[in-house]
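Below is the file start-v3.cif, which contains mmCIF, N, CA, C and O atoms.
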data_structure
loop_
_atom_site.label_atom_id
_atom_site.label_comp_id
_atom_site.auth_asym_id
_atom_site.auth_seq_id
_atom_site.Cartn_x
_atom_site.Cartn_y
_atom_site.Cartn_z
N ILE A 1 38.79 74.99 -90.15
CA ILE A 1 38.24 75.11 -88.82
C ILE A 1 36.73 75.26 -88.94
O ILE A 1 36.25 76.06 -89.74
N ILE A 2 36.03 74.51 -88.15
CA ILE A 2 34.57 74.63 -88.07
C ILE A 2 34.23 75.05 -86.65
O ILE A 2 34.71 74.47 -85.68
N THR A 3 33.37 76.05 -86.53
CA THR A 3 32.97 76.53 -85.21
C THR A 3 31.46 76.73 -85.18
O THR A 3 30.87 77.08 -86.21
N ASP A 4 30.86 76.50 -84.05
CA ASP A 4 29.42 76.69 -83.97
C ASP A 4 29.05 78.06 -83.41
O ASP A 4 27.90 78.40 -83.33
N ARG A 5 30.01 78.84 -83.07
CA ARG A 5 29.78 80.22 -82.65
C ARG A 5 30.77 81.08 -83.43
O ARG A 5 31.89 80.68 -83.70
N THR A 6 30.35 82.27 -83.80
CA THR A 6 31.19 83.13 -84.62
C THR A 6 31.30 84.52 -84.01
O THR A 6 30.64 84.82 -83.02
N VAL A 7 32.08 85.35 -84.66
CA VAL A 7 32.16 86.74 -84.20
C VAL A 7 30.81 87.43 -84.36
O VAL A 7 30.51 88.39 -83.66
N VAL A 8 29.98 86.92 -85.26
CA VAL A 8 28.64 87.50 -85.43
C VAL A 8 27.83 87.33 -84.15
O VAL A 8 27.13 88.26 -83.72
N ASP A 9 27.92 86.18 -83.52
CA ASP A 9 27.23 85.95 -82.26
C ASP A 9 27.71 86.94 -81.20
O ASP A 9 26.91 87.54 -80.48
N VAL A 10 29.02 87.09 -81.12
CA VAL A 10 29.60 88.01 -80.13
C VAL A 10 29.12 89.43 -80.40
O VAL A 10 28.75 90.17 -79.47
N MET A 11 29.09 89.83 -81.68
CA MET A 11 28.62 91.17 -82.03
C MET A 11 27.16 91.37 -81.63
O MET A 11 26.80 92.43 -81.11
N ALA A 12 26.33 90.37 -81.85
CA ALA A 12 24.91 90.48 -81.51
C ALA A 12 24.71 90.60 -80.00
O ALA A 12 23.97 91.47 -79.54
N PHE A 13 25.37 89.74 -79.26
CA PHE A 13 25.24 89.80 -77.80
C PHE A 13 25.81 91.11 -77.26
O PHE A 13 25.26 91.69 -76.32
N CYS A 14 26.89 91.58 -77.85
CA CYS A 14 27.49 92.85 -77.46
C CYS A 14 26.50 93.99 -77.67
O CYS A 14 26.29 94.81 -76.77
N GLU A 15 25.90 94.05 -78.85
CA GLU A 15 24.96 95.12 -79.16
C GLU A 15 23.78 95.17 -78.19
O GLU A 15 23.29 96.23 -77.86
N LEU A 16 23.32 94.01 -77.75
CA LEU A 16 22.16 93.95 -76.86
C LEU A 16 22.54 93.94 -75.38
O LEU A 16 21.66 93.91 -74.52
N SER A 17 23.83 93.99 -75.09
CA SER A 17 24.28 93.97 -73.71
C SER A 17 23.84 95.23 -72.97
O SER A 17 23.93 96.34 -73.50
N GLU A 18 23.39 95.03 -71.78
CA GLU A 18 23.02 96.17 -70.94
C GLU A 18 24.15 96.54 -69.98
O GLU A 18 24.09 97.56 -69.30
N SER A 19 25.18 95.70 -69.92
CA SER A 19 26.29 95.96 -68.99
C SER A 19 27.48 96.64 -69.66
O SER A 19 28.41 97.07 -68.98
N MET A 20 27.47 96.75 -70.99
CA MET A 20 28.56 97.42 -71.70
C MET A 20 28.15 98.84 -72.08
O MET A 20 27.02 99.06 -72.49
N ASP A 21 29.10 99.77 -71.97
CA ASP A 21 28.78 101.12 -72.42
C ASP A 21 28.95 101.21 -73.93
O ASP A 21 29.55 100.34 -74.56
N SER A 22 28.40 102.25 -74.51
CA SER A 22 28.36 102.36 -75.98
C SER A 22 29.76 102.46 -76.59
O SER A 22 29.98 101.95 -77.70
N ALA A 23 30.71 103.07 -75.92
CA ALA A 23 32.07 103.18 -76.47
C ALA A 23 32.71 101.80 -76.58
O ALA A 23 33.34 101.48 -77.60
N HIS A 24 32.55 100.96 -75.56
CA HIS A 24 33.11 99.61 -75.61
C HIS A 24 32.41 98.76 -76.67
O HIS A 24 33.05 97.98 -77.38
N LYS A 25 31.11 98.91 -76.79
CA LYS A 25 30.37 98.18 -77.82
C LYS A 25 30.89 98.55 -79.20
O LYS A 25 31.14 97.69 -80.04
N HIS A 26 31.05 99.85 -79.43
CA HIS A 26 31.52 100.31 -80.73
C HIS A 26 32.93 99.79 -81.03
O HIS A 26 33.19 99.29 -82.12
N TYR A 27 33.82 99.88 -80.06
CA TYR A 27 35.20 99.42 -80.25
C TYR A 27 35.25 97.93 -80.55
O TYR A 27 35.91 97.50 -81.50
N LEU A 28 34.52 97.13 -79.77
CA LEU A 28 34.53 95.68 -79.96
C LEU A 28 33.95 95.31 -81.33
O LEU A 28 34.54 94.54 -82.08
N ASN A 29 32.82 95.88 -81.67
CA ASN A 29 32.19 95.53 -82.94
C ASN A 29 32.98 96.03 -84.14
O ASN A 29 33.04 95.36 -85.17
N ALA A 30 33.63 97.18 -84.01
CA ALA A 30 34.48 97.68 -85.09
C ALA A 30 35.66 96.74 -85.32
O ALA A 30 36.07 96.50 -86.46
N THR A 31 36.18 96.17 -84.25
CA THR A 31 37.28 95.22 -84.35
C THR A 31 36.79 93.90 -84.95
O THR A 31 37.42 93.34 -85.86
N LEU A 32 35.67 93.40 -84.47
CA LEU A 32 35.15 92.11 -84.94
C LEU A 32 34.68 92.15 -86.38
O LEU A 32 34.71 91.13 -87.08
N TYR A 33 34.26 93.31 -86.84
CA TYR A 33 33.79 93.45 -88.22
C TYR A 33 34.81 92.89 -89.21
O TYR A 33 34.45 92.20 -90.16
N TYR A 34 36.08 93.16 -88.97
CA TYR A 34 37.12 92.71 -89.89
C TYR A 34 37.31 91.19 -89.86
O TYR A 34 37.76 90.60 -90.84
N LEU A 35 36.94 90.57 -88.77
CA LEU A 35 37.09 89.11 -88.66
C LEU A 35 36.00 88.34 -89.39
O LEU A 35 36.18 87.18 -89.73
N ILE A 36 34.87 88.99 -89.64
CA ILE A 36 33.77 88.33 -90.36
C ILE A 36 34.26 87.84 -91.72
O ILE A 36 33.88 86.78 -92.19
N LYS A 37 35.13 88.60 -92.33
CA LYS A 37 35.64 88.28 -93.67
C LYS A 37 36.54 87.04 -93.67
O LYS A 37 36.81 86.49 -94.73
N GLU A 38 36.99 86.61 -92.51
CA GLU A 38 37.91 85.48 -92.42
C GLU A 38 37.23 84.12 -92.60
O GLU A 38 37.90 83.13 -92.85
N TYR A 39 35.93 84.06 -92.46
CA TYR A 39 35.21 82.80 -92.60
C TYR A 39 35.03 82.46 -94.08
O TYR A 39 34.63 83.30 -94.87
N ASP A 40 35.31 81.21 -94.44
CA ASP A 40 35.06 80.77 -95.80
C ASP A 40 33.56 80.62 -96.06
O ASP A 40 33.06 80.97 -97.11
N TYR A 41 32.87 80.08 -95.07
CA TYR A 41 31.42 79.91 -95.13
C TYR A 41 30.84 80.40 -93.82
O TYR A 41 31.42 80.18 -92.76
N LEU A 42 29.70 81.04 -93.92
CA LEU A 42 28.98 81.46 -92.73
C LEU A 42 27.56 80.96 -92.87
O LEU A 42 26.86 81.29 -93.84
N PHE A 43 27.13 80.12 -91.94
CA PHE A 43 25.80 79.54 -91.98
C PHE A 43 24.95 80.16 -90.88
O PHE A 43 25.37 80.22 -89.73
N TYR A 44 23.78 80.59 -91.26
CA TYR A 44 22.81 81.08 -90.29
C TYR A 44 21.85 79.93 -90.01
O TYR A 44 21.20 79.41 -90.92
N VAL A 45 21.79 79.52 -88.75
CA VAL A 45 20.91 78.43 -88.35
C VAL A 45 19.66 79.05 -87.73
O VAL A 45 19.71 79.67 -86.67
N SER A 46 18.56 78.86 -88.40
CA SER A 46 17.29 79.40 -87.93
C SER A 46 16.84 78.71 -86.64
O SER A 46 16.89 77.49 -86.55
N PRO A 47 16.40 79.49 -85.67
CA PRO A 47 15.89 78.87 -84.44
C PRO A 47 14.44 78.41 -84.55
O PRO A 47 13.90 77.81 -83.62
N GLU A 48 13.82 78.68 -85.70
CA GLU A 48 12.42 78.28 -85.88
C GLU A 48 12.25 76.78 -85.69
O GLU A 48 13.01 75.99 -86.25
N GLY A 49 11.28 76.42 -84.91
CA GLY A 49 10.98 75.01 -84.68
C GLY A 49 11.89 74.35 -83.67
O GLY A 49 11.75 73.16 -83.40
N VAL A 50 12.82 75.11 -83.09
CA VAL A 50 13.73 74.55 -82.10
C VAL A 50 13.26 75.00 -80.72
O VAL A 50 13.17 76.20 -80.45
N GLU A 51 12.95 74.04 -79.89
CA GLU A 51 12.49 74.34 -78.54
C GLU A 51 13.60 74.99 -77.73
O GLU A 51 14.78 74.67 -77.89
N ILE A 52 13.22 75.92 -76.85
CA ILE A 52 14.18 76.49 -75.92
C ILE A 52 14.44 75.46 -74.83
O ILE A 52 13.51 74.95 -74.23
N GLU A 53 15.71 75.17 -74.64
CA GLU A 53 16.11 74.15 -73.65
C GLU A 53 16.69 74.84 -72.42
O GLU A 53 17.61 75.64 -72.52
N ASP A 54 16.12 74.55 -71.27
CA ASP A 54 16.64 75.11 -70.02
C ASP A 54 17.73 74.16 -69.51
O ASP A 54 17.46 73.24 -68.74
N ASN A 55 18.96 74.41 -69.96
CA ASN A 55 20.07 73.55 -69.56
C ASN A 55 20.95 74.20 -68.51
O ASN A 55 22.05 73.75 -68.23
N GLY A 56 20.47 75.30 -67.94
CA GLY A 56 21.22 75.98 -66.90
C GLY A 56 22.27 76.94 -67.45
O GLY A 56 22.90 77.67 -66.69
N VAL A 57 22.45 76.97 -68.78
CA VAL A 57 23.45 77.84 -69.39
C VAL A 57 22.79 78.80 -70.38
O VAL A 57 22.99 80.00 -70.32
N ARG A 58 21.99 78.25 -71.27
CA ARG A 58 21.36 79.07 -72.30
C ARG A 58 20.23 79.93 -71.73
O ARG A 58 19.56 79.55 -70.79
N GLU A 59 20.03 81.06 -72.38
CA GLU A 59 18.96 81.97 -72.03
C GLU A 59 17.62 81.33 -72.39
O GLU A 59 17.49 80.73 -73.46
N THR A 60 16.63 81.45 -71.52
CA THR A 60 15.33 80.83 -71.78
C THR A 60 14.23 81.87 -72.08
O THR A 60 13.09 81.51 -72.29
N ASP A 61 14.60 83.12 -72.13
CA ASP A 61 13.64 84.19 -72.41
C ASP A 61 13.41 84.29 -73.92
O ASP A 61 14.33 84.62 -74.68
N MET A 62 12.20 84.00 -74.37
CA MET A 62 11.87 83.98 -75.79
C MET A 62 12.06 85.36 -76.43
O MET A 62 12.54 85.47 -77.56
N LYS A 63 11.71 86.44 -75.74
CA LYS A 63 11.88 87.78 -76.30
C LYS A 63 13.36 88.08 -76.53
O LYS A 63 13.73 88.65 -77.55
N TYR A 64 14.21 87.69 -75.59
CA TYR A 64 15.64 87.90 -75.73
C TYR A 64 16.19 87.06 -76.88
O TYR A 64 16.97 87.55 -77.70
N ARG A 65 15.74 85.83 -76.97
CA ARG A 65 16.18 84.94 -78.06
C ARG A 65 15.80 85.54 -79.41
O ARG A 65 16.61 85.55 -80.34
N THR A 66 14.60 86.07 -79.52
CA THR A 66 14.14 86.68 -80.76
C THR A 66 14.96 87.93 -81.08
O THR A 66 15.33 88.15 -82.23
N ALA A 67 15.26 88.74 -80.06
CA ALA A 67 16.05 89.95 -80.27
C ALA A 67 17.46 89.60 -80.75
O ALA A 67 17.98 90.24 -81.68
N ILE A 68 18.07 88.59 -80.15
CA ILE A 68 19.41 88.15 -80.57
C ILE A 68 19.35 87.64 -82.01
O ILE A 68 20.21 87.97 -82.83
N ASP A 69 18.34 86.85 -82.33
CA ASP A 69 18.21 86.31 -83.68
C ASP A 69 18.07 87.44 -84.70
O ASP A 69 18.71 87.42 -85.75
N LYS A 70 17.25 88.43 -84.40
CA LYS A 70 17.09 89.57 -85.31
C LYS A 70 18.40 90.33 -85.49
O LYS A 70 18.73 90.76 -86.60
N LYS A 71 19.16 90.48 -84.41
CA LYS A 71 20.43 91.18 -84.49
C LYS A 71 21.43 90.38 -85.32
O LYS A 71 22.16 90.94 -86.14
N ILE A 72 21.47 89.07 -85.13
CA ILE A 72 22.35 88.22 -85.94
C ILE A 72 22.00 88.35 -87.41
O ILE A 72 22.88 88.52 -88.26
N LYS A 73 20.72 88.29 -87.74
CA LYS A 73 20.29 88.44 -89.15
C LYS A 73 20.67 89.82 -89.69
O LYS A 73 21.13 89.93 -90.82
N SER A 74 20.52 90.84 -88.89
CA SER A 74 20.87 92.19 -89.31
C SER A 74 22.37 92.30 -89.62
O SER A 74 22.76 92.88 -90.64
N ILE A 75 23.19 91.72 -88.76
CA ILE A 75 24.64 91.76 -88.96
C ILE A 75 25.03 90.98 -90.21
O ILE A 75 25.80 91.46 -91.04
N THR A 76 24.50 89.76 -90.35
CA THR A 76 24.87 88.97 -91.52
C THR A 76 24.35 89.61 -92.81
O THR A 76 25.04 89.59 -93.82
N ASP A 77 23.18 90.21 -92.77
CA ASP A 77 22.64 90.88 -93.95
C ASP A 77 23.49 92.10 -94.33
O ASP A 77 23.65 92.40 -95.51
N SER A 78 24.05 92.76 -93.33
CA SER A 78 24.84 93.96 -93.58
C SER A 78 26.26 93.67 -94.05
O SER A 78 26.80 94.37 -94.89
N PHE A 79 26.87 92.62 -93.47
CA PHE A 79 28.29 92.40 -93.69
C PHE A 79 28.65 91.15 -94.48
O PHE A 79 29.77 91.02 -94.94
N ARG A 80 27.72 90.21 -94.61
CA ARG A 80 28.02 88.95 -95.31
C ARG A 80 26.84 88.59 -96.19
O ARG A 80 25.97 87.83 -95.80
N LYS A 81 26.83 89.08 -97.38
CA LYS A 81 25.73 88.81 -98.31
C LYS A 81 25.63 87.34 -98.70
O LYS A 81 24.60 86.87 -99.12
N ASN A 82 26.71 86.60 -98.55
CA ASN A 82 26.73 85.20 -98.97
C ASN A 82 26.50 84.23 -97.81
O ASN A 82 26.87 83.07 -97.89
N THR A 83 25.85 84.68 -96.76
CA THR A 83 25.51 83.80 -95.65
C THR A 83 24.47 82.79 -96.12
O THR A 83 23.51 83.14 -96.80
N VAL A 84 24.66 81.53 -95.75
CA VAL A 84 23.74 80.46 -96.14
C VAL A 84 22.80 80.17 -94.97
O VAL A 84 23.26 79.89 -93.86
N THR A 85 21.52 80.27 -95.22
CA THR A 85 20.53 79.97 -94.18
C THR A 85 20.19 78.49 -94.23
O THR A 85 19.90 77.95 -95.30
N ILE A 86 20.24 77.84 -93.08
CA ILE A 86 19.87 76.43 -93.00
C ILE A 86 18.83 76.27 -91.91
O ILE A 86 18.77 77.04 -90.96
N SER A 87 17.98 75.26 -92.08
CA SER A 87 16.93 75.01 -91.10
C SER A 87 16.47 73.56 -91.21
O SER A 87 16.88 72.84 -92.11
N GLY A 88 15.63 73.17 -90.28
CA GLY A 88 15.09 71.82 -90.31
C GLY A 88 15.74 70.91 -89.28
O GLY A 88 16.41 71.37 -88.37
N THR A 89 15.56 69.64 -89.48
CA THR A 89 16.13 68.66 -88.57
C THR A 89 17.66 68.68 -88.68
O THR A 89 18.22 69.25 -89.63
N THR A 90 18.32 68.05 -87.74
CA THR A 90 19.78 67.99 -87.77
C THR A 90 20.25 67.38 -89.09
O THR A 90 21.18 67.89 -89.72
N GLU A 91 19.60 66.31 -89.52
CA GLU A 91 19.98 65.65 -90.76
C GLU A 91 19.82 66.59 -91.96
O GLU A 91 20.67 66.63 -92.85
N LYS A 92 18.72 67.35 -91.99
CA LYS A 92 18.49 68.29 -93.08
C LYS A 92 19.54 69.41 -93.07
O LYS A 92 20.02 69.83 -94.12
N ARG A 93 19.88 69.87 -91.89
CA ARG A 93 20.88 70.93 -91.78
C ARG A 93 22.24 70.45 -92.28
O ARG A 93 22.93 71.16 -93.00
N ILE A 94 22.61 69.23 -91.91
CA ILE A 94 23.89 68.67 -92.36
C ILE A 94 23.89 68.57 -93.88
O ILE A 94 24.87 68.93 -94.54
N LYS A 95 22.80 68.13 -94.46
CA LYS A 95 22.68 68.01 -95.91
C LYS A 95 22.82 69.39 -96.57
O LYS A 95 23.50 69.53 -97.58
N GLN A 96 22.20 70.40 -95.99
CA GLN A 96 22.26 71.75 -96.55
C GLN A 96 23.68 72.32 -96.48
O GLN A 96 24.15 72.96 -97.42
N VAL A 97 24.39 72.04 -95.40
CA VAL A 97 25.78 72.49 -95.27
C VAL A 97 26.65 71.82 -96.31
O VAL A 97 27.44 72.47 -97.00
N LYS A 98 26.52 70.51 -96.43
CA LYS A 98 27.32 69.77 -97.42
C LYS A 98 27.02 70.27 -98.82
O LYS A 98 27.94 70.41 -99.64
N GLN A 99 25.77 70.52 -99.11
CA GLN A 99 25.39 71.00 -100.44
C GLN A 99 26.04 72.36 -100.71
O GLN A 99 26.54 72.61 -101.80
N ALA A 100 26.04 73.24 -99.73
CA ALA A 100 26.64 74.56 -99.91
C ALA A 100 28.14 74.48 -100.12
O ALA A 100 28.70 75.21 -100.96
N ILE A 101 28.80 73.60 -99.40
CA ILE A 101 30.26 73.48 -99.49
C ILE A 101 30.71 72.76 -100.76
O ILE A 101 31.65 73.18 -101.42
N PHE A 102 30.00 71.71 -101.12
CA PHE A 102 30.47 70.86 -102.21
C PHE A 102 29.81 71.12 -103.55
O PHE A 102 30.05 70.40 -104.52
N SER A 103 28.99 72.15 -103.65
CA SER A 103 28.36 72.42 -104.95
C SER A 103 29.03 73.58 -105.66
O SER A 103 29.83 74.27 -105.18
#

Mind turning this structure into structure tokens?
Amino acid sequence: IITDRTVVDVMAFCELSESMDSAHKHYLNATLYYLIKEYDYLFYVSPEGVEIEDNGVRETDMKYRTAIDKKIKSITDSFRKNTVTISGTTEKRIKQVKQAIFS
């Protein structure tokens, strides 16, 4: 299974949520922590150099985007030491993923 969103994303958004109380945040993240281990590969895609697109769905606030990115990095650094960071053009990212999987 390949997915472009992971439990790490959910954990990051949960942590920064202003509508969830701390008990719910703790319960959800404690539950999701165990699911992080289920991924064979976890790739961190850097947002550097990627324009914010106002598509009516994604958040367009740069400060919020940066906060989410920092939280994602914090979670992956804490719970998944073998996370692979990829960046660059789509073609470069695909090459980096293939290299990580097939090497």

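For the set A:Leu42, A:Leu16, A:Val50, A:Met62, the residue with the smallest atom-to-atom gap to A:Ser87 is A:Val50, counting only C-alpha atoms.
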
Excluding A:Phe13 and residues on its chain fewer than 5 positions from it, collect all residues at most 8 Å away from it, counting all atoms listed in the file, and give them as a compact mmCIF listing (two decimals) with N, CA, C and O atoms, keeping the file's coordinate frame.
# COMPACT_ATOMS: atom_id res chain seq x y z
N VAL A 7 32.08 85.35 -84.66
CA VAL A 7 32.16 86.74 -84.20
C VAL A 7 30.81 87.43 -84.36
O VAL A 7 30.51 88.39 -83.66
N VAL A 8 29.98 86.92 -85.26
CA VAL A 8 28.64 87.50 -85.43
C VAL A 8 27.83 87.33 -84.15
O VAL A 8 27.13 88.26 -83.72
N GLU A 18 23.39 95.03 -71.78
CA GLU A 18 23.02 96.17 -70.94
C GLU A 18 24.15 96.54 -69.98
O GLU A 18 24.09 97.56 -69.30
N SER A 19 25.18 95.70 -69.92
CA SER A 19 26.29 95.96 -68.99
C SER A 19 27.48 96.64 -69.66
O SER A 19 28.41 97.07 -68.98
N MET A 20 27.47 96.75 -70.99
CA MET A 20 28.56 97.42 -71.70
C MET A 20 28.15 98.84 -72.08
O MET A 20 27.02 99.06 -72.49
N ALA A 67 15.26 88.74 -80.06
CA ALA A 67 16.05 89.95 -80.27
C ALA A 67 17.46 89.60 -80.75
O ALA A 67 17.98 90.24 -81.68
N ILE A 68 18.07 88.59 -80.15
CA ILE A 68 19.41 88.15 -80.57
C ILE A 68 19.35 87.64 -82.01
O ILE A 68 20.21 87.97 -82.83
N LYS A 71 19.16 90.48 -84.41
CA LYS A 71 20.43 91.18 -84.49
C LYS A 71 21.43 90.38 -85.32
O LYS A 71 22.16 90.94 -86.14
N ILE A 72 21.47 89.07 -85.13
CA ILE A 72 22.35 88.22 -85.94
C ILE A 72 22.00 88.35 -87.41
O ILE A 72 22.88 88.52 -88.26

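Between atom N of A:Thr89 and atom O of A:Ile36 the separation is 25.2 Å.
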
### strand (DSSP E) per DSSP on the backbone: members of chain A, as an MDAnalysis selection string
chainID A and resid 43:45 84:86

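Against this structure, the PyMOL selection byres (((chain A and resi 82 and name CA) around 10) and name CA) ends up with Asp40, Tyr41, Leu42, Phe43, Thr76, Asp77, Phe79, Arg80, Lys81, Thr83, Val84 and Thr85 of chain A.
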
### Query
If you run DSSP on this backbone, which residues of chain A come out as helix (DSSP H, G or I), and could you give them as number ranges by chain?
A: 7-16, 22-36, 62-79, 90-102

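Reported to one decimal place, the separation of atom CA of A:Ile52 from atom CA of A:Gly88 is 15.2 Å.
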
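Between atom CA of A:Glu51 and atom CA of A:Arg65 the separation is 11.2 Å.
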
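Closest approach to A:Glu48 among A:Ser78, A:Ile86, A:Tyr33, A:Val97: A:Ile86, based on only N, CA, C and O atoms.
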